[in-house]
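Working notes, beginning with the structure itself.
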Amino acid sequence: MTTNALDRATLTVTEENLQQMVLERQSLPAEFSEYTVAREGPLDNKTMAEHGFPGSTADKYEKAGRITGVVREFGASATLMNADGFNFVAATVTHLFDTPESVSAWMRDMFIQDFEEHVGDPISDGQTLASVEKLEPTGFFDESVALKALHKGKRGELSTTIVDFRVGRILGVAYVGAVGDHERLELATKIGISLEKSIVRVVLATV
């Protein structure tokens with residue numbers, strides 16, 4: 001299927017389809033097989049803004065073309081959180097936009113830019129966004145971007161590697177959180193490619 005054909009196919013996707021796209025635990029790499037659901041469910045623009053950077057609003061996201069989303073996040077036991085290099089969380093998210101162009105603009109002008117503009121700023125849970133490193137993901141069908149964000153707080157350093165990719169008017173996101181300053185692009189990409197396949201399966205089933 002060509003990119004244009006897949007873009008057109010995503011026009012039939014509804015909010016209800018997003019839940020079918022995010023990965024179940026058995027679809028994650030083996031190291032996460034014992035992790036449990038830490039967070040899952042709808043991610044509307046209001047909720048997204050509440051958990052976003054300072055200044056984020058539902059209206060801002062709506063104007064960017066975002067309709068809604070779904071998140072499914074798996075976490076490990078809190079007793080392991082002190083082990084440097086330990087991957088404590090893995091998650092996938094699907095976001096539905098009004099057009100494929102809105103997804104591209106979001107990846108370019110919102111996702112990367114928001115992180116870069118808030119380096120040095122305090123964020124949630126007493127943490128500070130210490131640094132952001134842009135990464136180059138590969139292996140996706142269409143556009144993709146990635147970054148590693150380092151957070152510093154009272155409990156030390158935590159890093160999150162995030163991969164964003166586009167499937168028509170759907171934005172797929174995969175991320176891995178690690179204790180300490182560690183890049184997890186290969187692992188996040190592996191999860192992202194599994195999510196991409198799941199998204200395409202659901203999209204084709206709606207056509």
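Letters for chains follow the order of the structure tokens (A, B, ...), residue numbers begin at 1 for each chain, and ligand numbers begin at 1 in the order shown.
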Determine, using only C-alpha atoms, which residues of stretch 155-179 of chain A have any atom at most 6 Å from an atom of stretch 89-99 of chain A, and tabulate each with its shortest atom pair and distance in Å to one decimal place, rows ordered by chain and then rising number, as JSON lines.
```
{"residue": "A:Arg169", "atom": "CA", "partner": "A:Thr99", "partner_atom": "CA", "distance": 5.0}
{"residue": "A:Ile170", "atom": "CA", "partner": "A:Leu96", "partner_atom": "CA", "distance": 4.9}
{"residue": "A:Leu171", "atom": "CA", "partner": "A:His95", "partner_atom": "CA", "distance": 5.0}
{"residue": "A:Gly172", "atom": "CA", "partner": "A:Thr94", "partner_atom": "CA", "distance": 4.8}
{"residue": "A:Val173", "atom": "CA", "partner": "A:Val93", "partner_atom": "CA", "distance": 4.9}
{"residue": "A:Ala174", "atom": "CA", "partner": "A:Thr92", "partner_atom": "CA", "distance": 4.5}
{"residue": "A:Tyr175", "atom": "CA", "partner": "A:Ala91", "partner_atom": "CA", "distance": 5.5}
{"residue": "A:Val176", "atom": "CA", "partner": "A:Ala90", "partner_atom": "CA", "distance": 4.5}
{"residue": "A:Gly177", "atom": "CA", "partner": "A:Val89", "partner_atom": "CA", "distance": 5.0}
```
How would the residues just chosen look if you wrote them out with C-alpha atoms as a PDB file, in the first residue's frame?
```pdb
ATOM      1  CA  ARG A 169      -3.845  11.130  10.348  1.00  0.00           C
ATOM      2  CA  ILE A 170      -2.726   8.958  13.259  1.00  0.00           C
ATOM      3  CA  LEU A 171       0.276   9.806  15.401  1.00  0.00           C
ATOM      4  CA  GLY A 172       1.866   6.768  17.009  1.00  0.00           C
ATOM      5  CA  VAL A 173       4.105   7.187  20.040  1.00  0.00           C
ATOM      6  CA  ALA A 174       6.339   4.694  21.840  1.00  0.00           C
ATOM      7  CA  TYR A 175       8.460   5.539  24.841  1.00  0.00           C
ATOM      8  CA  VAL A 176      10.751   3.866  27.347  1.00  0.00           C
ATOM      9  CA  GLY A 177      11.786   5.327  30.688  1.00  0.00           C
TER      10      GLY A 177
END
```
Problem - Spatial neighbours of A:Ala64, 9 Å, only C-alpha atoms, chain gap at least 6 places, as an MDAnalysis selection string - result: chainID A and resid 97:98 102:103 105:106 110
Just-selected residues, N, CA and C atoms written as a PDB file, in the first residue's frame:
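File written: again-v8.pdb
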```pdb
ATOM      1  N   PHE A  97      -5.757  12.827  14.623  1.00  0.00           N
ATOM      2  CA  PHE A  97      -5.765  14.216  14.172  1.00  0.00           C
ATOM      3  C   PHE A  97      -6.781  14.403  13.039  1.00  0.00           C
ATOM      4  N   ASP A  98      -7.037  15.671  12.725  1.00  0.00           N
ATOM      5  CA  ASP A  98      -8.009  15.949  11.665  1.00  0.00           C
ATOM      6  C   ASP A  98      -7.458  15.625  10.278  1.00  0.00           C
ATOM      7  N   SER A 102      -1.644  17.727   9.791  1.00  0.00           N
ATOM      8  CA  SER A 102      -1.609  18.157  11.187  1.00  0.00           C
ATOM      9  C   SER A 102      -0.667  17.289  12.012  1.00  0.00           C
ATOM     10  N   VAL A 103      -0.611  15.993  11.681  1.00  0.00           N
ATOM     11  CA  VAL A 103       0.316  15.094  12.375  1.00  0.00           C
ATOM     12  C   VAL A 103       1.758  15.518  12.105  1.00  0.00           C
ATOM     13  N   ALA A 105       2.886  18.441  11.234  1.00  0.00           N
ATOM     14  CA  ALA A 105       3.168  19.713  11.887  1.00  0.00           C
ATOM     15  C   ALA A 105       3.363  19.529  13.387  1.00  0.00           C
ATOM     16  N   TRP A 106       2.577  18.652  13.980  1.00  0.00           N
ATOM     17  CA  TRP A 106       2.708  18.372  15.406  1.00  0.00           C
ATOM     18  C   TRP A 106       4.089  17.806  15.724  1.00  0.00           C
ATOM     19  N   MET A 110       5.476  20.931  17.440  1.00  0.00           N
ATOM     20  CA  MET A 110       4.964  20.842  18.814  1.00  0.00           C
ATOM     21  C   MET A 110       5.817  19.902  19.654  1.00  0.00           C
TER      22      MET A 110
END
```
Contact check, stretch 53-76 of chain A to stretch 29-32 of chain A, at most 10 Å, counting only C-alpha atoms, closest pairs as JSON lines:
```
{"residue": "A:Phe74", "atom": "CA", "partner": "A:Phe32", "partner_atom": "CA", "distance": 7.9}
{"residue": "A:Gly75", "atom": "CA", "partner": "A:Phe32", "partner_atom": "CA", "distance": 8.3}
{"residue": "A:Ala76", "atom": "CA", "partner": "A:Phe32", "partner_atom": "CA", "distance": 8.1}
```
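Comparing A:Leu158, A:Ala38, A:Leu185, A:Ala78 by their smallest distance to A:Lys134, the closest is A:Leu185 (using only C-alpha atoms).
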Practice task
Grab the atom CA of A:Thr14 to atom CA of A:Ala49 distance for me, in Å with one decimal place.
Solution key: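 Separation of atom CA of A:Thr14 and atom CA of A:Ala49: 21.4 Å.
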Exercise for the section: Run DSSP on the backbone and give me the residues of stretch 12-203 of chain A it puts in alpha helix (DSSP H), as JSON, numbers by chain. Expected result: {"A": [15, 16, 17, 18, 19, 20, 21, 45, 46, 47, 48, 49, 50, 58, 59, 60, 61, 62, 63, 100, 101, 102, 103, 104, 105, 112, 113, 114, 115, 116, 117, 185, 186, 187, 188, 189, 190, 191, 192, 193, 194, 195, 196, 197, 198, 199, 200, 201, 202, 203]}
Problem - Contact residues around A:Ser124 with only C-alpha atoms at 12 Å, ignoring same-chain residues under 3 positions, as a list in words - result: Glu50, His51, Gly52, Phe53, Pro54, Asp121, Gln127, Thr128, Leu129, His151, Lys152 and Gly153 of chain A
All heavy atoms of the current selection, written as an mmCIF file, in the first residue's frame:
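Final output, saved to part.cif:
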```cif
data_model
loop_
_atom_site.group_PDB
_atom_site.id
_atom_site.type_symbol
_atom_site.label_atom_id
_atom_site.label_comp_id
_atom_site.auth_asym_id
_atom_site.auth_seq_id
_atom_site.Cartn_x
_atom_site.Cartn_y
_atom_site.Cartn_z
ATOM 1 N N GLU A 50 -3.297 18.903 30.893
ATOM 2 C CA GLU A 50 -3.035 18.845 32.333
ATOM 3 C C GLU A 50 -1.708 18.152 32.629
ATOM 4 O O GLU A 50 -1.063 18.435 33.633
ATOM 5 C CB GLU A 50 -4.177 18.119 33.043
ATOM 6 C CG GLU A 50 -5.470 18.926 33.093
ATOM 7 C CD GLU A 50 -6.640 18.107 33.599
ATOM 8 O OE1 GLU A 50 -6.499 16.867 33.744
ATOM 9 O OE2 GLU A 50 -7.711 18.699 33.846
ATOM 10 N N HIS A 51 -1.310 17.230 31.765
ATOM 11 C CA HIS A 51 -0.064 16.499 31.958
ATOM 12 C C HIS A 51 1.057 17.006 31.045
ATOM 13 O O HIS A 51 2.130 16.410 30.991
ATOM 14 C CB HIS A 51 -0.289 15.003 31.702
ATOM 15 C CG HIS A 51 -1.161 14.346 32.731
ATOM 16 N ND1 HIS A 51 -2.535 14.338 32.629
ATOM 17 C CD2 HIS A 51 -0.852 13.703 33.882
ATOM 18 C CE1 HIS A 51 -3.035 13.703 33.683
ATOM 19 N NE2 HIS A 51 -2.047 13.316 34.451
ATOM 20 N N GLY A 52 0.798 18.111 30.351
ATOM 21 C CA GLY A 52 1.776 18.655 29.419
ATOM 22 C C GLY A 52 2.680 19.688 30.075
ATOM 23 O O GLY A 52 2.676 19.879 31.293
ATOM 24 N N PHE A 53 3.450 20.361 29.258
ATOM 25 C CA PHE A 53 4.334 21.409 29.761
ATOM 26 C C PHE A 53 3.513 22.614 30.227
ATOM 27 O O PHE A 53 2.371 22.807 29.805
ATOM 28 C CB PHE A 53 5.302 21.851 28.662
ATOM 29 C CG PHE A 53 6.372 20.845 28.349
ATOM 30 C CD1 PHE A 53 6.353 20.151 27.148
ATOM 31 C CD2 PHE A 53 7.390 20.592 29.258
ATOM 32 C CE1 PHE A 53 7.343 19.214 26.856
ATOM 33 C CE2 PHE A 53 8.382 19.654 28.977
ATOM 34 C CZ PHE A 53 8.360 18.971 27.777
ATOM 35 N N PRO A 54 4.087 23.449 31.098
ATOM 36 C CA PRO A 54 3.395 24.666 31.515
ATOM 37 C C PRO A 54 2.954 25.490 30.302
ATOM 38 O O PRO A 54 3.712 25.650 29.346
ATOM 39 C CB PRO A 54 4.471 25.404 32.334
ATOM 40 C CG PRO A 54 5.348 24.307 32.865
ATOM 41 C CD PRO A 54 5.396 23.285 31.769
ATOM 42 N N ASP A 121 13.640 24.006 32.759
ATOM 43 C CA ASP A 121 12.432 24.390 33.495
ATOM 44 C C ASP A 121 11.989 23.285 34.449
ATOM 45 O O ASP A 121 12.150 22.093 34.158
ATOM 46 C CB ASP A 121 11.283 24.672 32.529
ATOM 47 C CG ASP A 121 11.509 25.915 31.691
ATOM 48 O OD1 ASP A 121 12.430 26.684 32.025
ATOM 49 O OD2 ASP A 121 10.764 26.107 30.708
ATOM 50 N N GLN A 127 10.592 17.646 39.411
ATOM 51 C CA GLN A 127 11.687 17.359 38.496
ATOM 52 C C GLN A 127 11.951 18.545 37.573
ATOM 53 O O GLN A 127 11.072 19.368 37.310
ATOM 54 C CB GLN A 127 11.387 16.120 37.657
ATOM 55 C CG GLN A 127 11.331 14.832 38.456
ATOM 56 C CD GLN A 127 11.176 13.630 37.534
ATOM 57 O OE1 GLN A 127 10.587 13.717 36.463
ATOM 58 N NE2 GLN A 127 11.720 12.510 37.940
ATOM 59 N N THR A 128 13.187 18.582 37.069
ATOM 60 C CA THR A 128 13.588 19.592 36.092
ATOM 61 C C THR A 128 13.995 18.889 34.804
ATOM 62 O O THR A 128 14.659 17.852 34.844
ATOM 63 C CB THR A 128 14.778 20.420 36.615
ATOM 64 O OG1 THR A 128 14.371 21.119 37.790
ATOM 65 C CG2 THR A 128 15.254 21.415 35.580
ATOM 66 N N LEU A 129 13.578 19.452 33.675
ATOM 67 C CA LEU A 129 14.002 18.922 32.380
ATOM 68 C C LEU A 129 15.431 19.407 32.143
ATOM 69 O O LEU A 129 15.662 20.560 31.812
ATOM 70 C CB LEU A 129 13.064 19.405 31.271
ATOM 71 C CG LEU A 129 13.389 18.938 29.849
ATOM 72 C CD1 LEU A 129 13.395 17.416 29.751
ATOM 73 C CD2 LEU A 129 12.386 19.525 28.857
ATOM 74 N N HIS A 151 15.636 13.994 32.944
ATOM 75 C CA HIS A 151 14.983 14.700 34.041
ATOM 76 C C HIS A 151 15.812 14.528 35.309
ATOM 77 O O HIS A 151 16.305 13.428 35.599
ATOM 78 C CB HIS A 151 13.580 14.133 34.286
ATOM 79 C CG HIS A 151 12.722 14.100 33.069
ATOM 80 N ND1 HIS A 151 11.869 15.124 32.729
ATOM 81 C CD2 HIS A 151 12.584 13.163 32.091
ATOM 82 C CE1 HIS A 151 11.240 14.827 31.599
ATOM 83 N NE2 HIS A 151 11.664 13.640 31.199
ATOM 84 N N LYS A 152 15.945 15.594 36.078
ATOM 85 C CA LYS A 152 16.667 15.538 37.341
ATOM 86 C C LYS A 152 15.756 15.977 38.474
ATOM 87 O O LYS A 152 15.019 16.957 38.352
ATOM 88 C CB LYS A 152 17.908 16.427 37.294
ATOM 89 C CG LYS A 152 18.973 15.932 36.333
ATOM 90 C CD LYS A 152 20.248 16.754 36.423
ATOM 91 C CE LYS A 152 21.337 16.214 35.493
ATOM 92 N NZ LYS A 152 22.597 16.988 35.583
ATOM 93 N N GLY A 153 15.813 15.236 39.577
ATOM 94 C CA GLY A 153 14.985 15.553 40.734
ATOM 95 C C GLY A 153 15.616 15.047 42.002
ATOM 96 O O GLY A 153 16.774 14.627 42.020
#
```
Practice task
Please identify all polymer residues within 12 Å of A:Arg108, counting only C-alpha atoms, omitting same-chain residues fewer than 5 positions from it, and present them as a list in words.
Solution key: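 Everything that qualifies: Ala64, Glu101, Ser102, Val103, Gln113, Asp114, Phe115, Glu116, Lys134, Glu143, Ser144, Val145, Ala146, Leu147, Asp164, Phe165 and Arg166 of chain A.
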Problem - Who sits within 7 Å of A:Arg39, only C-alpha atoms, same chain under 2 positions skipped, as a ChimeraX atom specification - result: /A:37,72-73
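With only C-alpha atoms as the atoms that count, the minimum distance from A:Glu117 to the choices A:Gly139, A:Gly180, A:Gly55, A:Pro42 is reached by A:Gly55.
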Exercise for the section: Apply DSSP to the backbone of this structure and, from stretch 16-126 of chain A, keep only the residues in strand (DSSP E or B); write these as a list in words. Expected result: Thr36, Val37, Ala38, Arg39, Glu40, Gly41, Pro42, Arg66, Ile67, Thr68, Gly69, Val70, Val71, Arg72, Glu73, Phe74, Gly75, Asn87, Phe88, Val89, Ala90, Ala91, Thr92, Val93, Thr94, His95, Leu96, Phe97 and Pro122 of chain A
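Each of A:Val71, A:Glu16, A:Ser33, A:Gly65 was compared to A:Thr47 using only C-alpha atoms, and A:Val71 turns out to be the nearest.
For the pair atom CA of A:Asp7 and atom CA of A:Gly192, the interatomic distance is 18.3 Å.
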Problem - Option closest in space to A:Gln19, from A:Pro100, A:Leu135, A:Ala149, A:Ile199 [counting only C-alpha atoms] - result: A:Ile199
Problem - For atom CA of A:Asp44 and atom CA of A:Arg25, the interatomic separation in Å (one decimal) - result: 22.9 Å
